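Before any comments, here is the structure.
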Amino acid sequence: MNSQILGTGSYVPDQVLTNAELERMVETSDVWIRERTGIRERRIAKSGQPCSDLATRAGRQALAAAKLSASDLDLILVATCTGDSPLPATACLVQHHLGATRAAACDVGAACCGFLYALTIADAYVRTGARAVLVIGAEVMSVITDWTDRNTCVLFGDGAGAVVVGPTNDDVGIQAVRLHANGQLAHVIEVPGGGSRYPASEHIIQNKLPYIKMRGNETFKIAVKTMEEAVREVLAVTNVSIEQIDLFIPHQANIRILQAVGQRLGLPMNKTVINLDRLGNTSAASIPLAIDEAVRNGRIRKGMRVLIAAFGAGLTWGAGLIRW
Ligand SMILES: CC(C)(COP(=O)(O)OP(=O)(O)OC[C@H]1O[C@@H](n2cnc3c(N)ncnc32)[C@H](O)[C@@H]1OP(=O)(O)O)[C@@H](O)C(=O)NCCC(=O)NCCS
């Protein structure tokens, strides 16, 4: 038995933050941002709009697309690094909002790679008998962004994407996933403050510790190398060649990262789904947002081989192959 994606959904906040507006906030330019990252604009959640709100909206849409009701769900997983609060899990709030009273619920913390990790857990749960798992990637990155740091504030955006995963006896669905992590490189991308190491205090606010710190250039090089390696692993284990891939849906961090990965793999850019130009880097939400868009605009069709790959803080990375 395989698990397959039964329905998809997404939600992005209405408020658009353009590069021109960022020019007025930090020393940067529209040209620099577009040329170095590929990003034109991003969405920002309303003040006080929590992650669970974005996640619930995307989840509700995915359920409708799967033609299931909340009471059908066995498990809800929310991949996020910007949950409503340290506890309870944002997934439990989503469970309540949806009225999914039968469903177990927890969050998955693997930063930008979180959706791929959560999808892997959902796949395993379905293979042990679950009928429906809701997997959501949802982020309010704007609350952990230091809006005075031009190195990071131009990159991120808010949003949520969701898929419902269920069983199939056909030879479709999730064919293979490979996940990796290297905690030795934890310092490359981090939000140092706000947890048990540097708990909430005036000191950590003054030193901007609850915000993203990133070594951009190092991140860039590792991202290209590890995503290529993970994709090659998945292709080898599924015995699928790169030419047989119909669509590539990578985590949306930087257009130059996606171009470099595509080039190394021999995958033309017209097979790569891009949303970062309009949404920026939405962390765990970027892949399910791209999947939902590709399903709705007909770019993903039945029978297609869809490759996904992600990279994020941890460091974490991986790839997966889905037969639609
Ligand atoms: C962040 C990133 C866009 C920077 O691009 P880059 O080509 O690597 O640029 P560098 O870091 O080498 O910086 C080049 C210069 O641009 C400057 N710069 C950085 N951000 C800038 C901005 N928003 N506007 C203008 N200049 C900027 C730097 O200060 C540096 O100036 P200096 O040479 O005077 O010190 C790029 O490294 C990146 O996208 N990395 C991956 C980030 C990522 O994906 N993170 C999430 C992983 S899930």
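Identifiers for the structure tokens are assigned positionally: chains receive A, B, ... in sequence, residues are indexed from 1 per chain, and ligands are indexed from 1 in the order shown.
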
How close does stretch 3-94 of chain A get to stretch 104-124 of chain A? List, as a Markdown table, each residue of stretch 3-94 of chain A within 8 Å, its nearest atom pair and the distance in Å to one decimal, counting only C-alpha atoms.
| residue | atom | partner | partner_atom | distance |
| --- | --- | --- | --- | --- |
| A:Ser3 | CA | A:Asp123 | CA | 5.6 |
| A:Asp74 | CA | A:Ala104 | CA | 6.2 |
| A:Leu75 | CA | A:Ala104 | CA | 4.6 |
| A:Ile76 | CA | A:Ala105 | CA | 4.6 |
| A:Leu77 | CA | A:Cys106 | CA | 5.4 |
| A:Val78 | CA | A:Asp107 | CA | 4.7 |
| A:Ala79 | CA | A:Val108 | CA | 4.6 |
| A:Thr80 | CA | A:Gly109 | CA | 5.9 |
| A:Cys81 | CA | A:Ala111 | CA | 5.5 |
| A:Ala89 | CA | A:Asp107 | CA | 5.7 |
| A:Thr90 | CA | A:Asp107 | CA | 6.5 |
| A:Ala91 | CA | A:Cys106 | CA | 5.2 |
| A:Cys92 | CA | A:Ala105 | CA | 5.4 |

Find the nearest atom pair between each residue of chain A and ligand 1 for residues within 8 Å, count only C-alpha atoms and all ligand atoms, give distances in Å to one decimal, sort rows by chain and ascending number, and present the table as a Markdown table.
| residue | atom | partner | partner_atom_place_in_ligand_line | distance |
| --- | --- | --- | --- | --- |
| A:Val26 | CA | ligand 1 | 23 (N) | 7.7 |
| A:Glu27 | CA | ligand 1 | 24 (N) | 6.2 |
| A:Thr28 | CA | ligand 1 | 24 (N) | 3.7 |
| A:Ser29 | CA | ligand 1 | 24 (N) | 5.9 |
| A:Trp32 | CA | ligand 1 | 25 (C) | 5.7 |
| A:Ile33 | CA | ligand 1 | 23 (N) | 6.0 |
| A:Arg36 | CA | ligand 1 | 3 (C) | 5.3 |
| A:Thr37 | CA | ligand 1 | 3 (C) | 5.2 |
| A:Ala111 | CA | ligand 1 | 48 (S) | 7.4 |
| A:Cys112 | CA | ligand 1 | 48 (S) | 5.1 |
| A:Cys113 | CA | ligand 1 | 48 (S) | 7.6 |
| A:Arg150 | CA | ligand 1 | 23 (N) | 4.3 |
| A:Asn151 | CA | ligand 1 | 20 (N) | 3.8 |
| A:Thr152 | CA | ligand 1 | 1 (C) | 6.4 |
| A:Cys153 | CA | ligand 1 | 23 (N) | 7.3 |
| A:Val154 | CA | ligand 1 | 23 (N) | 5.6 |
| A:Leu155 | CA | ligand 1 | 3 (C) | 7.3 |
| A:Ile189 | CA | ligand 1 | 46 (C) | 7.3 |
| A:Met214 | CA | ligand 1 | 45 (N) | 7.0 |
| A:Arg215 | CA | ligand 1 | 37 (O) | 7.4 |
| A:Gly216 | CA | ligand 1 | 37 (O) | 3.7 |
| A:Asn217 | CA | ligand 1 | 37 (O) | 3.9 |
| A:Glu218 | CA | ligand 1 | 37 (O) | 7.1 |
| A:Thr219 | CA | ligand 1 | 41 (C) | 4.9 |
| A:Phe220 | CA | ligand 1 | 41 (C) | 4.1 |
| A:Lys221 | CA | ligand 1 | 41 (C) | 7.9 |
| A:Ala223 | CA | ligand 1 | 44 (O) | 7.3 |
| A:His251 | CA | ligand 1 | 48 (S) | 7.5 |
| A:Gln252 | CA | ligand 1 | 44 (O) | 7.8 |
| A:Ala253 | CA | ligand 1 | 44 (O) | 4.2 |
| A:Asn254 | CA | ligand 1 | 39 (O) | 5.0 |
| A:Arg256 | CA | ligand 1 | 39 (O) | 7.7 |
| A:Ile257 | CA | ligand 1 | 39 (O) | 7.4 |
| A:Asn281 | CA | ligand 1 | 46 (C) | 7.2 |
| A:Ser283 | CA | ligand 1 | 48 (S) | 6.2 |
| A:Ala310 | CA | ligand 1 | 48 (S) | 7.9 |
| A:Phe311 | CA | ligand 1 | 48 (S) | 5.5 |
| A:Gly312 | CA | ligand 1 | 48 (S) | 4.0 |
| A:Ala313 | CA | ligand 1 | 48 (S) | 6.3 |

As an MDAnalysis selection string, please: the residues near stretch 137-148 of chain A (cut-off 7 Å, only C-alpha atoms, same-chain neighbours under 5 positions excluded).
chainID A and resid 26 44:45 51 54:55 78:82 115 153 156:162 210:212 282:285 288

I need the residues in stretch 73-275 of chain A that are alpha helix (DSSP H) according to DSSP; give them as a PyMOL selection string.
chain A and resi 90-98+114-127+150-153+202-206+216-238+255-265

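Of the residues listed (A:Asp72, A:Glu21, A:Glu233, A:Asp30), A:Asp72 shows the shortest atom-to-atom separation from A:Thr101; distances use only C-alpha atoms.
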
So that I can check the secondary structure, give me every residue of stretch 79-268 of chain A assigned strand (DSSP E) by backbone DSSP, as a JSON list (two decimals) with N, CA and C atoms, in the first residue's frame.
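Done, and the output landed in part18.json:
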[["chain", "number", "residue", "atom", "x", "y", "z"],
["A", 79, "ALA", "N", 3.92, 21.65, 10.30],
["A", 79, "ALA", "CA", 5.35, 21.95, 10.21],
["A", 79, "ALA", "C", 5.50, 23.46, 10.32],
["A", 104, "ALA", "N", -5.34, 12.95, 16.24],
["A", 104, "ALA", "CA", -4.17, 13.29, 17.05],
["A", 104, "ALA", "C", -3.52, 14.51, 16.40],
["A", 105, "ALA", "N", -2.70, 15.23, 17.15],
["A", 105, "ALA", "CA", -2.14, 16.46, 16.57],
["A", 105, "ALA", "C", -0.81, 16.81, 17.23],
["A", 106, "CYS", "N", 0.18, 17.16, 16.41],
["A", 106, "CYS", "CA", 1.45, 17.68, 16.95],
["A", 106, "CYS", "C", 2.16, 18.49, 15.88],
["A", 107, "ASP", "N", 3.14, 19.27, 16.33],
["A", 107, "ASP", "CA", 3.94, 20.08, 15.40],
["A", 107, "ASP", "C", 5.21, 19.34, 15.02],
["A", 108, "VAL", "N", 5.77, 19.72, 13.88],
["A", 108, "VAL", "CA", 7.03, 19.15, 13.42],
["A", 108, "VAL", "C", 8.00, 20.32, 13.22],
["A", 133, "VAL", "N", -4.49, 11.91, 6.88],
["A", 133, "VAL", "CA", -3.59, 12.76, 7.67],
["A", 133, "VAL", "C", -3.50, 14.13, 7.00],
["A", 134, "LEU", "N", -3.70, 15.16, 7.79],
["A", 134, "LEU", "CA", -3.58, 16.53, 7.27],
["A", 134, "LEU", "C", -2.18, 17.05, 7.59],
["A", 135, "VAL", "N", -1.43, 17.38, 6.54],
["A", 135, "VAL", "CA", -0.07, 17.89, 6.71],
["A", 135, "VAL", "C", -0.06, 19.35, 6.27],
["A", 136, "ILE", "N", 0.31, 20.22, 7.20],
["A", 136, "ILE", "CA", 0.29, 21.66, 6.92],
["A", 136, "ILE", "C", 1.70, 22.24, 7.14],
["A", 137, "GLY", "N", 2.13, 23.08, 6.23],
["A", 137, "GLY", "CA", 3.32, 23.90, 6.46],
["A", 137, "GLY", "C", 2.83, 25.32, 6.62],
["A", 138, "ALA", "N", 3.07, 25.93, 7.78],
["A", 138, "ALA", "CA", 2.51, 27.27, 8.02],
["A", 138, "ALA", "C", 3.54, 28.12, 8.77],
["A", 139, "GLU", "N", 3.71, 29.34, 8.31],
["A", 139, "GLU", "CA", 4.72, 30.20, 8.94],
["A", 139, "GLU", "C", 4.27, 31.66, 8.99],
["A", 140, "VAL", "N", 4.58, 32.30, 10.11],
["A", 140, "VAL", "CA", 4.49, 33.76, 10.21],
["A", 140, "VAL", "C", 5.93, 34.24, 10.44],
["A", 158, "ASP", "N", 5.12, 35.32, 4.79],
["A", 158, "ASP", "CA", 4.18, 34.52, 5.58],
["A", 158, "ASP", "C", 3.22, 33.76, 4.66],
["A", 159, "GLY", "N", 2.74, 32.60, 5.12],
["A", 159, "GLY", "CA", 1.77, 31.83, 4.32],
["A", 159, "GLY", "C", 1.62, 30.43, 4.86],
["A", 160, "ALA", "N", 0.69, 29.69, 4.26],
["A", 160, "ALA", "CA", 0.46, 28.30, 4.68],
["A", 160, "ALA", "C", -0.01, 27.47, 3.49],
["A", 161, "GLY", "N", 0.46, 26.23, 3.44],
["A", 161, "GLY", "CA", 0.00, 25.29, 2.42],
["A", 161, "GLY", "C", -0.31, 23.97, 3.11],
["A", 162, "ALA", "N", -1.22, 23.19, 2.52],
["A", 162, "ALA", "CA", -1.64, 21.95, 3.19],
["A", 162, "ALA", "C", -1.94, 20.86, 2.19],
["A", 163, "VAL", "N", -1.73, 19.63, 2.61],
["A", 163, "VAL", "CA", -2.15, 18.47, 1.80],
["A", 163, "VAL", "C", -2.82, 17.46, 2.73],
["A", 164, "VAL", "N", -3.76, 16.70, 2.17],
["A", 164, "VAL", "CA", -4.33, 15.57, 2.90],
["A", 164, "VAL", "C", -3.76, 14.31, 2.29],
["A", 165, "VAL", "N", -3.22, 13.44, 3.15],
["A", 165, "VAL", "CA", -2.59, 12.21, 2.70],
["A", 165, "VAL", "C", -3.43, 11.02, 3.13],
["A", 166, "GLY", "N", -3.66, 10.09, 2.21],
["A", 166, "GLY", "CA", -4.44, 8.90, 2.54],
["A", 166, "GLY", "C", -3.95, 7.69, 1.75],
["A", 167, "PRO", "N", -4.51, 6.51, 2.01],
["A", 167, "PRO", "CA", -4.00, 5.28, 1.39],
["A", 167, "PRO", "C", -4.47, 5.06, -0.05],
["A", 168, "THR", "N", -3.67, 4.32, -0.80],
["A", 168, "THR", "CA", -4.07, 3.89, -2.15],
["A", 168, "THR", "C", -3.44, 2.53, -2.42],
["A", 173, "GLY", "N", 1.40, 7.94, -5.74],
["A", 173, "GLY", "CA", 1.64, 8.51, -4.42],
["A", 173, "GLY", "C", 3.11, 8.65, -4.08],
["A", 174, "ILE", "N", 3.40, 8.67, -2.79],
["A", 174, "ILE", "CA", 4.77, 8.92, -2.34],
["A", 174, "ILE", "C", 5.62, 7.67, -2.60],
["A", 175, "GLN", "N", 6.59, 7.82, -3.50],
["A", 175, "GLN", "CA", 7.40, 6.67, -3.91],
["A", 175, "GLN", "C", 8.60, 6.48, -2.99],
["A", 176, "ALA", "N", 9.23, 7.57, -2.59],
["A", 176, "ALA", "CA", 10.39, 7.49, -1.69],
["A", 176, "ALA", "C", 10.71, 8.87, -1.16],
["A", 177, "VAL", "N", 11.22, 8.90, 0.07],
["A", 177, "VAL", "CA", 11.72, 10.16, 0.65],
["A", 177, "VAL", "C", 13.05, 9.85, 1.33],
["A", 178, "ARG", "N", 13.99, 10.77, 1.25],
["A", 178, "ARG", "CA", 15.25, 10.66, 1.99],
["A", 178, "ARG", "C", 15.44, 11.94, 2.79],
["A", 179, "LEU", "N", 15.65, 11.80, 4.10],
["A", 179, "LEU", "CA", 15.81, 12.96, 4.99],
["A", 179, "LEU", "C", 17.20, 12.93, 5.63],
["A", 180, "HIS", "N", 17.72, 14.12, 5.89],
["A", 180, "HIS", "CA", 19.04, 14.22, 6.55],
["A", 180, "HIS", "C", 19.07, 15.39, 7.51],
["A", 181, "ALA", "N", 20.08, 15.37, 8.42],
["A", 181, "ALA", "CA", 20.29, 16.50, 9.33],
["A", 181, "ALA", "C", 21.76, 16.54, 9.75],
["A", 189, "ILE", "N", 22.00, 28.90, 10.49],
["A", 189, "ILE", "CA", 20.72, 29.65, 10.51],
["A", 189, "ILE", "C", 20.10, 29.38, 11.87],
["A", 190, "GLU", "N", 19.82, 30.42, 12.63],
["A", 190, "GLU", "CA", 19.22, 30.19, 13.96],
["A", 190, "GLU", "C", 18.43, 31.40, 14.44],
["A", 213, "LYS", "N", 19.09, 34.83, 12.63],
["A", 213, "LYS", "CA", 20.47, 35.18, 12.27],
["A", 213, "LYS", "C", 20.90, 34.15, 11.24],
["A", 214, "MET", "N", 21.55, 34.62, 10.19],
["A", 214, "MET", "CA", 21.89, 33.67, 9.14],
["A", 214, "MET", "C", 23.21, 34.03, 8.47],
["A", 247, "LEU", "N", 8.05, 17.48, -13.01],
["A", 247, "LEU", "CA", 7.98, 18.76, -12.33],
["A", 247, "LEU", "C", 8.87, 18.72, -11.08],
["A", 248, "PHE", "N", 9.57, 19.82, -10.84],
["A", 248, "PHE", "CA", 10.45, 19.92, -9.67],
["A", 248, "PHE", "C", 9.90, 21.01, -8.76],
["A", 249, "ILE", "N", 9.63, 20.65, -7.50],
["A", 249, "ILE", "CA", 9.09, 21.62, -6.55],
["A", 249, "ILE", "C", 10.06, 21.73, -5.37],
["A", 250, "PRO", "N", 11.04, 22.62, -5.49],
["A", 250, "PRO", "CA", 12.01, 22.77, -4.41],
["A", 250, "PRO", "C", 11.55, 23.82, -3.38]]

Atom CA of A:Thr18 and atom CA of A:Val31, how far apart in Å?
12.0 Å

Work out how far atom CA of A:Gly262 is from atom CA of A:Arg278, in Å to one decimal.
20.2 Å
